[in-house]
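This report refers to the structure that appears directly beneath it.
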Amino acid sequence: LKSGKLAQAGMSVLAAAARRGRRVDVLQRASQHVARRHLGESVRGPAATDLAANLKIAQEFFTKPAISYAGYKQQCVSLRLFVFAGVTTGVVLDLMLNPPKSSYWMRFGPSFWFSHVKNFLMPSAPPIFLTEKVVRETDAPNIAEQLINTRRIVGQEEEEEH
């Protein structure tokens with residue numbers, strides 16, 4: 001008798017856990033559904049590489065009002081391709097025709113790229129780092145010994161007395 005009640009109690013705990021699991025799953029799905037913005041994952045209209053079709057739709061932005069939001073959005077997407085290209089071309093042309101006067105632009109601007117490549121391939125100036133040992137005529141150890149012992153360099157007394 002006791003084992004039957006225990007089994008029944010165990011079943012009711014399992015049943016409650018299963019019901020709770022289903023309820024949590026339903027709530028999770030509902031929350032995901034509410035959180036989804038439905039902005040559109042599908043693509044409408046011509047591909048971005050089809051310039052002729054996009055040009056036609058972009059021209060309709062100025063001549064024909066959109067009937068729906070989807071049509072308006074497609075007009076804006078098509079127009080954006082040409083506006084981006086136009087603005088980028090305009091900025092580049094302006095920089096080429098009227099370059100800034102900063103030293104940074106003078107050193108690294110596009111008009112000097114050829115000279116940078118030429119200097120890289122055929123350097124004319126000596127390199128920054130030494131490529132061989134430098135030989136000097138001055139005998140540094142002898143001069144150091146003279147300065148330490150006599151606080152003078154031999155042969156300089158005549159020049160100092162005027």
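Letters for chains follow the order of the structure tokens (A, B, ...), residue numbers begin at 1 for each chain, and ligand numbers begin at 1 in the order shown.
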
Write out as a list in words the residues lying within 8 Å of Cys76 (chain A), counting only C-alpha atoms and excluding same-chain residues fewer than 4 positions away. Ala58, Phe61, Tyr72 and Arg80 of chain A

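Here the question is which of A:Val92, A:Leu147, A:Leu130, A:Leu121 gets nearest to Gly109 (chain A) using only C-alpha atoms, and that residue is A:Val92.
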
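Summary of the local environment: counting only C-alpha atoms, residues at most 9 Å from Ile143 (chain A), other than itself and those fewer than 6 positions away along its chain, are Arg152, Ile153 and Val154 of chain A.
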